[in-house]
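Asker: Pasting data.csv here (CSV, C-alpha atoms):
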chain,number,residue,atom,x,y,z
A,1,MET,CA,-106.1,-190.1,-99.9
A,2,LYS,CA,-104.7,-192.4,-97.2
A,3,THR,CA,-101.4,-194.0,-98.4
A,4,LEU,CA,-101.0,-197.6,-97.3
A,5,LEU,CA,-97.7,-198.9,-96.2
A,6,LEU,CA,-97.4,-202.5,-97.4
A,7,THR,CA,-94.9,-205.2,-96.5
A,8,ALA,CA,-92.9,-207.0,-99.1
A,9,ASP,CA,-95.2,-210.0,-99.0
A,10,GLN,CA,-98.3,-207.9,-100.0
A,11,THR,CA,-97.5,-207.6,-103.7
A,12,ASP,CA,-100.9,-209.1,-104.6
A,13,LYS,CA,-102.7,-206.3,-102.8
A,14,ALA,CA,-100.4,-203.8,-104.6
A,15,ALA,CA,-101.2,-205.5,-107.9
A,16,GLU,CA,-104.9,-205.0,-107.4
A,17,ILE,CA,-104.3,-201.3,-106.8
A,18,ILE,CA,-102.3,-201.1,-110.1
A,19,LYS,CA,-105.1,-203.0,-112.0
A,20,ARG,CA,-107.6,-200.4,-110.7
A,21,GLY,CA,-105.5,-197.6,-112.2
A,22,GLY,CA,-103.8,-196.7,-108.9
A,23,LEU,CA,-100.3,-195.7,-108.0
A,24,VAL,CA,-97.9,-197.9,-105.9
A,25,ALA,CA,-94.3,-197.1,-104.9
A,26,MET,CA,-92.2,-200.2,-105.3
A,27,PRO,CA,-88.6,-201.0,-104.3
A,28,THR,CA,-86.0,-201.6,-107.0
A,29,GLU,CA,-82.3,-202.2,-106.8
A,30,THR,CA,-81.7,-198.6,-107.9
A,31,VAL,CA,-84.2,-196.4,-106.1
A,32,TYR,CA,-87.9,-196.6,-105.2
A,33,GLY,CA,-90.2,-196.2,-108.3
A,34,LEU,CA,-93.7,-194.8,-108.5
A,35,ALA,CA,-95.5,-197.4,-110.6
A,36,ALA,CA,-98.6,-197.4,-112.7
A,37,ASP,CA,-100.0,-199.6,-115.5
A,38,ALA,CA,-97.8,-198.7,-118.5
A,39,PHE,CA,-100.7,-199.2,-120.9
A,40,ASN,CA,-103.1,-196.9,-118.9
A,41,GLY,CA,-102.6,-193.3,-120.1
A,42,GLN,CA,-104.7,-191.9,-117.3
A,43,ALA,CA,-102.9,-193.8,-114.6
A,44,VAL,CA,-99.6,-192.7,-116.1
A,45,ALA,CA,-100.8,-189.0,-116.1
A,46,ASP,CA,-101.6,-189.4,-112.4
A,47,ILE,CA,-97.9,-190.2,-111.8
A,48,PHE,CA,-97.0,-186.8,-113.2
A,49,ARG,CA,-99.6,-185.1,-111.0
A,50,ALA,CA,-98.5,-186.9,-107.8
A,51,LYS,CA,-94.9,-186.0,-108.3
A,52,GLY,CA,-95.4,-182.5,-109.7
A,53,ARG,CA,-93.3,-183.7,-112.7
A,54,PRO,CA,-93.3,-181.9,-116.0
A,55,MET,CA,-95.1,-183.8,-118.7
A,56,ASP,CA,-92.2,-183.6,-121.2
A,57,ASN,CA,-90.0,-185.7,-118.9
A,58,PRO,CA,-90.4,-189.4,-120.2
A,59,LEU,CA,-90.8,-192.4,-117.9
A,60,ILE,CA,-89.3,-195.9,-117.9
A,61,VAL,CA,-91.4,-199.1,-118.5
A,62,HIS,CA,-90.4,-201.9,-116.1
A,63,ILE,CA,-90.8,-205.5,-117.1
A,64,SER,CA,-90.5,-208.9,-115.4
A,65,SER,CA,-90.0,-211.1,-118.5
A,66,LEU,CA,-88.5,-210.6,-122.0
A,67,SER,CA,-91.7,-212.0,-123.4
A,68,GLN,CA,-93.4,-208.6,-122.4
A,69,MET,CA,-91.1,-206.7,-124.9
A,70,ASP,CA,-93.3,-207.7,-127.9
A,71,ARG,CA,-96.1,-205.4,-126.7
A,72,ILE,CA,-93.8,-202.5,-125.7
A,73,VAL,CA,-91.3,-202.0,-128.6
A,74,ARG,CA,-91.6,-202.2,-132.4
A,75,GLU,CA,-88.2,-204.0,-132.7
A,76,PHE,CA,-85.7,-205.7,-130.4
A,77,PRO,CA,-82.4,-205.5,-132.3
A,78,GLU,CA,-79.3,-207.7,-131.8
A,79,LYS,CA,-77.4,-205.0,-129.7
A,80,ALA,CA,-80.4,-204.7,-127.4
A,81,LYS,CA,-80.6,-208.5,-127.0
A,82,ALA,CA,-76.8,-208.6,-126.2
A,83,LEU,CA,-77.2,-205.9,-123.5
A,84,ALA,CA,-80.3,-207.7,-122.1
A,85,ASP,CA,-78.4,-211.0,-122.0
A,86,ARG,CA,-75.5,-209.4,-120.1
A,87,PHE,CA,-77.2,-206.9,-117.8
A,88,TRP,CA,-80.9,-207.9,-117.3
A,89,PRO,CA,-82.3,-208.2,-114.7
A,90,GLY,CA,-80.3,-205.2,-113.5
A,91,PRO,CA,-79.9,-201.4,-113.5
A,92,LEU,CA,-79.8,-200.8,-117.3
A,93,THR,CA,-82.5,-199.1,-119.3
A,94,ILE,CA,-82.6,-199.4,-123.0
A,95,ILE,CA,-84.4,-197.0,-125.3
A,96,LEU,CA,-86.0,-198.4,-128.4
A,97,PRO,CA,-88.8,-197.5,-130.9
A,98,ARG,CA,-92.1,-197.8,-129.0
A,99,SER,CA,-95.1,-199.8,-130.0
A,100,ASP,CA,-98.6,-198.2,-130.5
A,101,SER,CA,-99.7,-200.0,-127.3
A,102,ILE,CA,-97.6,-197.6,-125.2
A,103,PRO,CA,-99.5,-194.3,-124.6
A,104,PRO,CA,-97.8,-191.0,-125.4
A,105,GLU,CA,-97.8,-190.0,-121.7
A,106,VAL,CA,-95.2,-192.6,-121.0
A,107,SER,CA,-92.7,-191.3,-123.6
A,108,ALA,CA,-93.6,-187.6,-123.4
A,109,GLY,CA,-94.8,-187.8,-127.0
A,110,LEU,CA,-91.6,-189.3,-128.3
A,111,ASP,CA,-91.6,-192.3,-130.7
A,112,THR,CA,-89.3,-194.2,-128.4
A,113,VAL,CA,-89.7,-195.9,-125.1
A,114,ALA,CA,-87.3,-196.6,-122.3
A,115,VAL,CA,-87.4,-200.2,-120.9
A,116,ARG,CA,-85.8,-201.9,-117.9
A,117,TYR,CA,-85.9,-205.3,-116.3
A,118,PRO,CA,-85.3,-204.7,-112.5
A,119,SER,CA,-83.5,-207.3,-110.4
A,120,HIS,CA,-85.3,-206.5,-107.1
A,121,PRO,CA,-87.6,-209.5,-106.3
A,122,VAL,CA,-90.4,-207.4,-105.0
A,123,ALA,CA,-90.5,-205.3,-108.2
A,124,GLN,CA,-90.5,-208.5,-110.3
A,125,GLN,CA,-93.3,-210.0,-108.2
A,126,LEU,CA,-95.4,-206.9,-108.5
A,127,ILE,CA,-95.0,-206.7,-112.3
A,128,SER,CA,-95.7,-210.4,-112.7
A,129,ALA,CA,-98.9,-210.1,-110.7
A,130,SER,CA,-100.1,-207.0,-112.6
A,131,CYS,CA,-98.5,-205.8,-115.9
A,132,PRO,CA,-95.5,-203.9,-117.2
A,133,LEU,CA,-95.2,-200.7,-115.1
A,134,ALA,CA,-94.3,-197.2,-116.0
A,135,ALA,CA,-92.3,-195.8,-113.1
A,136,PRO,CA,-90.1,-192.8,-112.4
A,137,SER,CA,-88.5,-192.3,-108.9
A,138,ALA,CA,-91.1,-192.1,-106.1
A,139,ASN,CA,-90.3,-188.6,-104.9
A,140,LEU,CA,-91.5,-185.1,-105.4
A,141,SER,CA,-90.1,-183.8,-108.7
A,142,GLY,CA,-86.6,-182.3,-108.3
A,143,SER,CA,-85.9,-183.7,-104.7
A,144,PRO,CA,-83.4,-186.4,-103.9
A,145,SER,CA,-84.5,-189.8,-105.1
A,146,PRO,CA,-85.8,-192.2,-102.4
A,147,THR,CA,-83.8,-195.2,-101.4
A,148,THR,CA,-86.0,-196.3,-98.5
A,149,ALA,CA,-89.8,-196.6,-97.9
A,150,ALA,CA,-89.5,-193.8,-95.3
A,151,HIS,CA,-88.1,-191.4,-97.9
A,152,VAL,CA,-91.1,-192.2,-100.1
A,153,MET,CA,-93.6,-191.6,-97.3
A,154,SER,CA,-91.9,-188.3,-96.5
A,155,ASP,CA,-92.6,-187.1,-100.0
A,156,MET,CA,-95.7,-188.9,-101.2
A,157,ASP,CA,-97.8,-189.7,-98.2
A,158,GLY,CA,-101.4,-188.7,-99.1
A,159,ARG,CA,-100.5,-188.4,-102.8
A,160,ILE,CA,-100.4,-192.1,-103.8
A,161,ASP,CA,-102.3,-195.3,-103.0
A,162,ALA,CA,-99.6,-197.4,-101.4
A,163,VAL,CA,-95.9,-197.9,-100.7
A,164,ILE,CA,-94.3,-201.4,-100.5
A,165,ASP,CA,-91.5,-201.5,-98.0
A,166,GLY,CA,-88.7,-203.6,-99.5
A,167,GLY,CA,-85.8,-202.2,-97.4
A,168,ASP,CA,-82.9,-200.1,-98.6
A,169,CYS,CA,-82.1,-200.0,-102.3
A,170,GLU,CA,-78.8,-201.6,-103.2
A,171,VAL,CA,-77.4,-199.4,-105.9
A,172,GLY,CA,-78.7,-196.0,-104.7
A,173,VAL,CA,-78.8,-194.1,-108.0
A,174,GLU,CA,-81.1,-194.6,-111.0
A,175,SER,CA,-80.3,-197.0,-113.8
A,176,THR,CA,-78.0,-196.3,-116.7
A,177,VAL,CA,-80.0,-195.2,-119.7
A,178,ILE,CA,-78.7,-196.0,-123.2
A,179,THR,CA,-80.5,-195.3,-126.5
A,180,LEU,CA,-80.2,-197.6,-129.5
A,181,ALA,CA,-82.5,-195.3,-131.5
A,182,CYS,CA,-79.5,-193.6,-133.2
A,183,PRO,CA,-76.6,-194.6,-135.4
A,184,ILE,CA,-74.2,-195.0,-132.5
A,185,PRO,CA,-75.6,-196.1,-129.2
A,186,ARG,CA,-75.5,-193.3,-126.7
A,187,ILE,CA,-75.6,-193.1,-122.9
A,188,LEU,CA,-78.1,-190.5,-121.8
A,189,ARG,CA,-77.9,-191.1,-118.1
A,190,PRO,CA,-75.0,-192.9,-116.3
A,191,GLY,CA,-75.7,-195.4,-113.5
A,192,GLY,CA,-74.4,-198.5,-111.9
A,193,ILE,CA,-73.8,-200.2,-115.3
A,194,THR,CA,-70.8,-198.3,-116.6
A,195,ALA,CA,-69.8,-197.1,-120.1
A,196,GLU,CA,-66.8,-199.3,-119.9
A,197,GLN,CA,-68.9,-202.4,-119.2
A,198,ILE,CA,-71.3,-201.6,-122.0
A,199,ARG,CA,-68.4,-201.1,-124.5
A,200,GLU,CA,-67.3,-204.7,-123.7
A,201,VAL,CA,-70.6,-206.0,-125.0
A,202,ILE,CA,-71.6,-203.8,-128.0
A,203,GLY,CA,-68.4,-201.9,-128.9
A,204,ASP,CA,-68.5,-198.2,-129.8
A,205,ILE,CA,-70.8,-195.9,-127.8
A,206,GLU,CA,-71.1,-192.2,-127.2
A,207,ILE,CA,-71.8,-190.3,-123.9
A,208,ASP,CA,-74.4,-187.5,-124.4
A,209,PRO,CA,-73.0,-184.1,-123.5
A,210,ALA,CA,-76.0,-183.5,-121.3
A,211,VAL,CA,-74.6,-186.1,-118.8
A,212,ILE,CA,-72.3,-183.5,-117.4
A,213,LYS,CA,-73.7,-180.3,-118.9
A,214,PRO,CA,-77.2,-178.7,-119.1
A,215,LEU,CA,-79.4,-179.9,-121.9
A,216,ALA,CA,-78.9,-177.7,-125.0
A,217,GLU,CA,-81.5,-175.0,-125.6
A,218,GLY,CA,-84.5,-176.4,-127.5
A,219,GLN,CA,-83.3,-180.1,-127.2
A,220,LYS,CA,-86.0,-182.5,-126.1
A,221,ALA,CA,-85.2,-184.8,-123.2
A,222,ALA,CA,-85.0,-188.4,-124.5
A,223,SER,CA,-84.5,-189.8,-121.1
A,224,PRO,CA,-85.4,-189.1,-117.5
A,225,GLY,CA,-82.8,-187.0,-115.6
A,226,MET,CA,-81.7,-184.9,-118.6
A,227,LYS,CA,-83.6,-181.7,-118.7
A,228,TYR,CA,-84.4,-180.3,-115.2
A,229,LYS,CA,-82.6,-179.7,-111.9
A,230,HIS,CA,-82.9,-183.0,-110.1
A,231,TYR,CA,-81.9,-184.8,-106.9
A,232,SER,CA,-81.7,-181.5,-105.0
A,233,PRO,CA,-82.3,-181.1,-101.3
A,234,LYS,CA,-83.7,-177.8,-99.8
A,235,ALA,CA,-80.1,-177.0,-98.9
A,236,ASP,CA,-77.9,-175.3,-101.5
A,237,VAL,CA,-75.5,-177.9,-103.0
A,238,ILE,CA,-72.1,-176.7,-104.2
A,239,LEU,CA,-69.3,-178.7,-105.9
A,240,LEU,CA,-65.7,-178.0,-105.1
A,241,ASP,CA,-63.1,-179.0,-107.7
A,242,GLY,CA,-59.7,-179.5,-106.2
A,243,ASP,CA,-57.5,-181.9,-104.1
A,244,ASP,CA,-58.3,-183.0,-100.6
A,245,GLU,CA,-56.2,-180.3,-99.0
A,246,ALA,CA,-57.8,-177.5,-101.0
A,247,PHE,CA,-61.3,-178.9,-100.3
A,248,GLU,CA,-60.7,-179.0,-96.5
A,249,LYS,CA,-59.1,-175.6,-96.4
A,250,TYR,CA,-62.0,-174.0,-98.3
A,251,ILE,CA,-64.7,-175.5,-96.2
A,252,ASN,CA,-62.9,-174.7,-92.9
A,253,GLU,CA,-62.7,-171.0,-94.0
A,254,VAL,CA,-66.4,-170.7,-95.0
A,255,MET,CA,-68.1,-173.1,-92.5
A,256,ASP,CA,-70.8,-172.1,-90.1
A,257,ASP,CA,-73.3,-174.1,-88.0
A,258,LYS,CA,-75.6,-174.5,-91.1
A,259,THR,CA,-72.9,-175.8,-93.4
A,260,ALA,CA,-72.4,-179.5,-94.1
A,261,ALA,CA,-69.8,-181.4,-96.1
A,262,LEU,CA,-70.1,-184.8,-97.9
A,263,CYS,CA,-66.8,-186.4,-97.0
A,264,TYR,CA,-65.1,-189.8,-97.0
A,265,ASN,CA,-64.5,-191.9,-93.8
A,266,GLY,CA,-61.8,-190.3,-91.7
A,267,GLN,CA,-61.9,-186.9,-93.4
A,268,GLN,CA,-64.3,-185.6,-90.7
A,269,GLU,CA,-61.2,-185.3,-88.4
A,270,ARG,CA,-59.9,-182.5,-90.6
A,271,LEU,CA,-63.2,-180.6,-91.1
A,272,SER,CA,-64.8,-178.1,-88.7
A,273,CYS,CA,-68.4,-178.3,-90.0
A,274,ILE,CA,-71.2,-180.8,-90.0
A,275,CYS,CA,-69.8,-183.9,-91.8
A,276,ILE,CA,-71.9,-186.6,-93.6
A,277,ALA,CA,-69.7,-189.5,-94.5
A,278,ILE,CA,-70.4,-191.3,-97.7
A,279,GLY,CA,-67.9,-194.2,-97.6
A,280,GLU,CA,-64.2,-194.9,-98.0
A,281,LYS,CA,-62.2,-192.6,-100.2
A,282,ASP,CA,-62.7,-193.3,-104.0
A,283,ASP,CA,-65.4,-195.9,-103.2
A,284,TYR,CA,-67.9,-194.7,-105.8
A,285,ASN,CA,-70.2,-197.6,-105.3
A,286,ALA,CA,-70.6,-196.5,-101.6
A,287,TYR,CA,-70.9,-192.9,-102.7
A,288,ALA,CA,-73.7,-193.8,-105.1
A,289,HIS,CA,-75.4,-196.0,-102.5
A,290,ASN,CA,-75.4,-193.2,-99.8
A,291,LEU,CA,-75.7,-190.1,-101.9
A,292,PHE,CA,-79.5,-189.4,-101.9
A,293,ALA,CA,-79.9,-190.4,-98.2
A,294,SER,CA,-77.0,-188.1,-97.3
A,295,LEU,CA,-78.7,-185.1,-99.1
A,296,ARG,CA,-81.9,-185.8,-97.3
A,297,LYS,CA,-80.0,-186.1,-94.0
A,298,ALA,CA,-78.6,-182.6,-94.6
A,299,ASP,CA,-82.2,-181.2,-94.8
A,300,GLU,CA,-83.2,-183.1,-91.7
A,301,MET,CA,-80.2,-181.5,-89.8
A,302,GLY,CA,-81.3,-178.0,-90.9
A,303,CYS,CA,-78.3,-177.4,-93.1
A,304,THR,CA,-78.5,-174.5,-95.6
A,305,LYS,CA,-75.4,-175.4,-97.6
A,306,VAL,CA,-73.8,-178.7,-98.6
A,307,TYR,CA,-70.4,-178.9,-100.1
A,308,ALA,CA,-69.3,-181.9,-102.1
A,309,HIS,CA,-66.0,-182.9,-103.6
A,310,CYS,CA,-66.1,-183.1,-107.4
A,311,PRO,CA,-66.3,-186.8,-108.4
A,312,ARG,CA,-64.3,-188.5,-111.1
A,313,LYS,CA,-66.0,-188.9,-114.5
A,314,ASP,CA,-65.3,-192.5,-115.2
A,315,GLY,CA,-66.9,-195.8,-114.0
A,316,VAL,CA,-69.6,-195.4,-111.4
A,317,GLY,CA,-68.0,-192.0,-110.6
A,318,LEU,CA,-69.6,-190.6,-113.7
A,319,ALA,CA,-73.1,-191.5,-112.3
A,320,VAL,CA,-72.2,-189.8,-109.0
A,321,TYR,CA,-71.0,-186.7,-110.9
A,322,ASN,CA,-74.1,-186.6,-113.0
A,323,ARG,CA,-76.3,-186.7,-109.9
A,324,VAL,CA,-74.4,-184.1,-107.8
A,325,ILE,CA,-73.9,-181.7,-110.6
A,326,ARG,CA,-77.6,-181.6,-111.1
A,327,ALA,CA,-78.3,-181.4,-107.4
A,328,ALA,CA,-76.0,-178.4,-107.4
A,329,GLY,CA,-77.7,-176.8,-110.4
A,330,PHE,CA,-74.2,-176.9,-112.1
A,331,LYS,CA,-72.6,-174.7,-109.4
A,332,ILE,CA,-68.9,-175.6,-109.3
A,333,ILE,CA,-66.1,-173.7,-107.5
A,334,SER,CA,-62.6,-174.4,-108.9
A,335,LEU,CA,-60.0,-174.6,-106.2
A,336,GLN,CA,-57.1,-175.1,-108.6
Please go through the file and, once you have read it, give me the structure as structure tokens.
Answerer:
Amino acid sequence: MKTLLLTADQTDKAAEIIKRGGLVAMPTETVYGLAADAFNGQAVADIFRAKGRPMDNPLIVHISSLSQMDRIVREFPEKAKALADRFWPGPLTIILPRSDSIPPEVSAGLDTVAVRYPSHPVAQQLISASCPLAAPSANLSGSPSPTTAAHVMSDMDGRIDAVIDGGDCEVGVESTVITLACPIPRILRPGGITAEQIREVIGDIEIDPAVIKPLAEGQKAASPGMKYKHYSPKADVILLDGDDEAFEKYINEVMDDKTAALCYNGQQERLSCICIAIGEKDDYNAYAHNLFASLRKADEMGCTKVYAHCPRKDGVGLAVYNRVIRAAGFKIISLQ
């Protein structure tokens, strides 16, 4: 299969591919998504095959109008409407009871469906020109998510029909996922919309333990990003838990010419290894934006180990922590 690289003004051509049951990688404000007709079970199954993704890992349905919700969910409760009014279009995914129109392939056999209204204009144009789209990240399963069209082509060239180049993704990590299909709304995956922001809109919420720990034995994944090792480069990622001085001392003791460190601007001066800067100190929006590209850069540089400082677990820091802890396969070294 030859994968076409389309420009942002070729969404009509991409829509025709979708209507024929094909696969198109599209830009969103979070990461690039690998899209197929959400109502076409065969096309959705092709997403799993192209990515090498386990079939028990559910997908997200992307919409371009609230009027499309009627065909996707059985109910749209007041809390969901309040969240949609505040955060849509944007990087928030809401899990609700799915309608019979959504094939089981989308939801991995669950009776719920995850829905998001992306803010990226190219994604909106593609959905409006075709239909609601089921779309996980447009990368090989388990590898760092793609935030540029070049990342997608590196992973998916020859596996899918087309990629729309819409430039760099703004947020850089996948959407926040919250389920309303339980007594107390629960965040299953943190993202650019924080728990603190959500509480301002709907009050009490919980954060699922699997956000920072492995999924419990036998527990089904209700959201993408919960069950498997994700976001991981070929290099071995290791988290270091300690202050700046301990972080720098440890790396300088173990470094070699294949070791890299994710560090903040200016910290490179105190490190004797390959340094990949991710932004200013404590700027977690920049960390999120640069994370996946930085992990891919480590592979491009031939690194075998990547050390990262343990992020905070609040605000956007929780989203960064969730991604790097899974990229590291939950490997943390305490420097206390």
Asker: If you measure from CA of Gly21 in chain A to CA of Ile160 in chain A, what distance in Å do you get, rounded to one decimal?
Answerer: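 Computed distance, CA of Gly21 in chain A to CA of Ile160 in chain A, equals 11.3 Å.
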Asker: Find, counting only C-alpha atoms, the residue in A:Leu23, A:Ala150, A:Ile193, A:Ala260 that gets nearest to Trp88 in chain A.
Answerer: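 Closest residue, counting only C-alpha atoms: A:Ile193.
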Asker: Using only C-alpha atoms, pick whichever of A:Ile202, A:Ser294, A:Ala36, A:Asp168 has the shortest atom-to-atom distance to Ile184 in chain A.
Answerer: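 Of A:Ile202, A:Ser294, A:Ala36, A:Asp168, the one nearest Ile184 in chain A, counting only C-alpha atoms, is A:Ile202.
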Asker: Please tabulate, as CSV, the residues of range 68-111 of chain A that come within 8 Å of range 119-125 of chain A, each with its closest pair of atoms and the distance in Å to one decimal, counting only C-alpha atoms and ordering rows by chain, then residue number upward.
Answerer:
residue,atom,partner,partner_atom,distance
A:Trp88,CA,A:Ser119,CA,7.4
A:Pro89,CA,A:Ser119,CA,4.6
A:Gly90,CA,A:Ser119,CA,4.9
A:Pro91,CA,A:Ser119,CA,7.6
Asker: Which polymer residues, whether protein, DNA or RNA, lie within 9 Å of the coordinate (-106.7, -196.2, -111.4) when you count only C-alpha atoms? List them as a PyMOL selection string, using the chain letters and numbers from the file.
Answerer: chain A and resi 17-23+36-37+40+42-43+46
Asker: Residues at most 6 Å from Ala25 in chain A, counting all atoms listed in the file, excluding those fewer than 6 positions away in the same chain, as number ranges by chain?
Answerer: A: 33-35, 163
Asker: By how many Å are CA of Asp155 in chain A and CA of Lys258 in chain A apart?
Answerer: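 Pair CA of Asp155 in chain A / CA of Lys258 in chain A returns 23.0 Å.
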Asker: Need to verify the contact set: Phe39 in chain A, 8 Å, only C-alpha atoms, exclusion of same-chain residues closer than 2 positions in sequence. Can you return it as a CSV table (one decimal) with C-alpha atoms, keeping the file's coordinate frame?
Answerer:
chain,number,residue,atom,x,y,z
A,37,ASP,CA,-100.0,-199.6,-115.5
A,41,GLY,CA,-102.6,-193.3,-120.1
A,101,SER,CA,-99.7,-200.0,-127.3
A,102,ILE,CA,-97.6,-197.6,-125.2
A,103,PRO,CA,-99.5,-194.3,-124.6
A,132,PRO,CA,-95.5,-203.9,-117.2
Asker: Find the residues near Pro209 in chain A: any atom within 12 Å, counting all atoms listed in the file, skip ones fewer than 4 places away on the same chain, and give them as a list in words.
Answerer: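 Answer for this query is Arg186, Ile187, Leu188, Arg189, Pro190, Lys213, Pro214, Leu215, Ala216, Gln219, Met226, Lys227 and Asn322 of chain A.
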Asker: Find, counting only C-alpha atoms, the residue in A:Ala327, A:Ala134, A:Ala210, A:Ile198 that gets nearest to Tyr307 in chain A.
Answerer: A:Ala327
Asker: Closest to Asp111 in chain A among A:Ala286, A:Ala138, A:Ile333, A:Val73, using all atoms listed in the file?
Answerer: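 Going through A:Ala286, A:Ala138, A:Ile333, A:Val73 one by one, the smallest distance to Asp111 in chain A is for A:Val73.
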Asker: So, counting only C-alpha atoms, which residue among A:His151, A:Arg312, A:Arg86, A:His62 is closest to Tyr117 in chain A?
Answerer: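 Comparing A:His151, A:Arg312, A:Arg86, A:His62 against Tyr117 in chain A, the winner is A:His62.
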Asker: How far is it from CA of Ile205 in chain A to CA of Val320 in chain A, in Å with one decimal?
Answerer: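 About the pair CA of Ile205 in chain A and CA of Val320 in chain A: they are 19.8 Å apart.
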Asker: Could you list, as a PyMOL selection string, every residue within 9 Å of Ala181 in chain A, counting all atoms listed in the file and ignoring same-chain residues fewer than 3 positions away?
Answerer: chain A and resi 95-97+112+184-186
Asker: Can you find the residues with an atom no farther than 7 Å from (-70.3, -190.4, -96.4), counting all atoms listed in the file, and report them as a ChimeraX atom specification?
Answerer: /A:262-265,276-279,287,290
Asker: Counting only C-alpha atoms, which residue out of A:Asp70, A:Glu280, A:Glu78, A:Glu300 sits closest to Ser99 in chain A?
Answerer: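 The shortest atom-to-atom distance to Ser99 in chain A comes from A:Asp70.
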Asker: Could you give me, as an MDAnalysis selection string, the residues within 6 Å of Ser141 in chain A, counting only C-alpha atoms and dropping anything in the same chain fewer than 6 positions from it?
Answerer: chainID A and resid 51:53
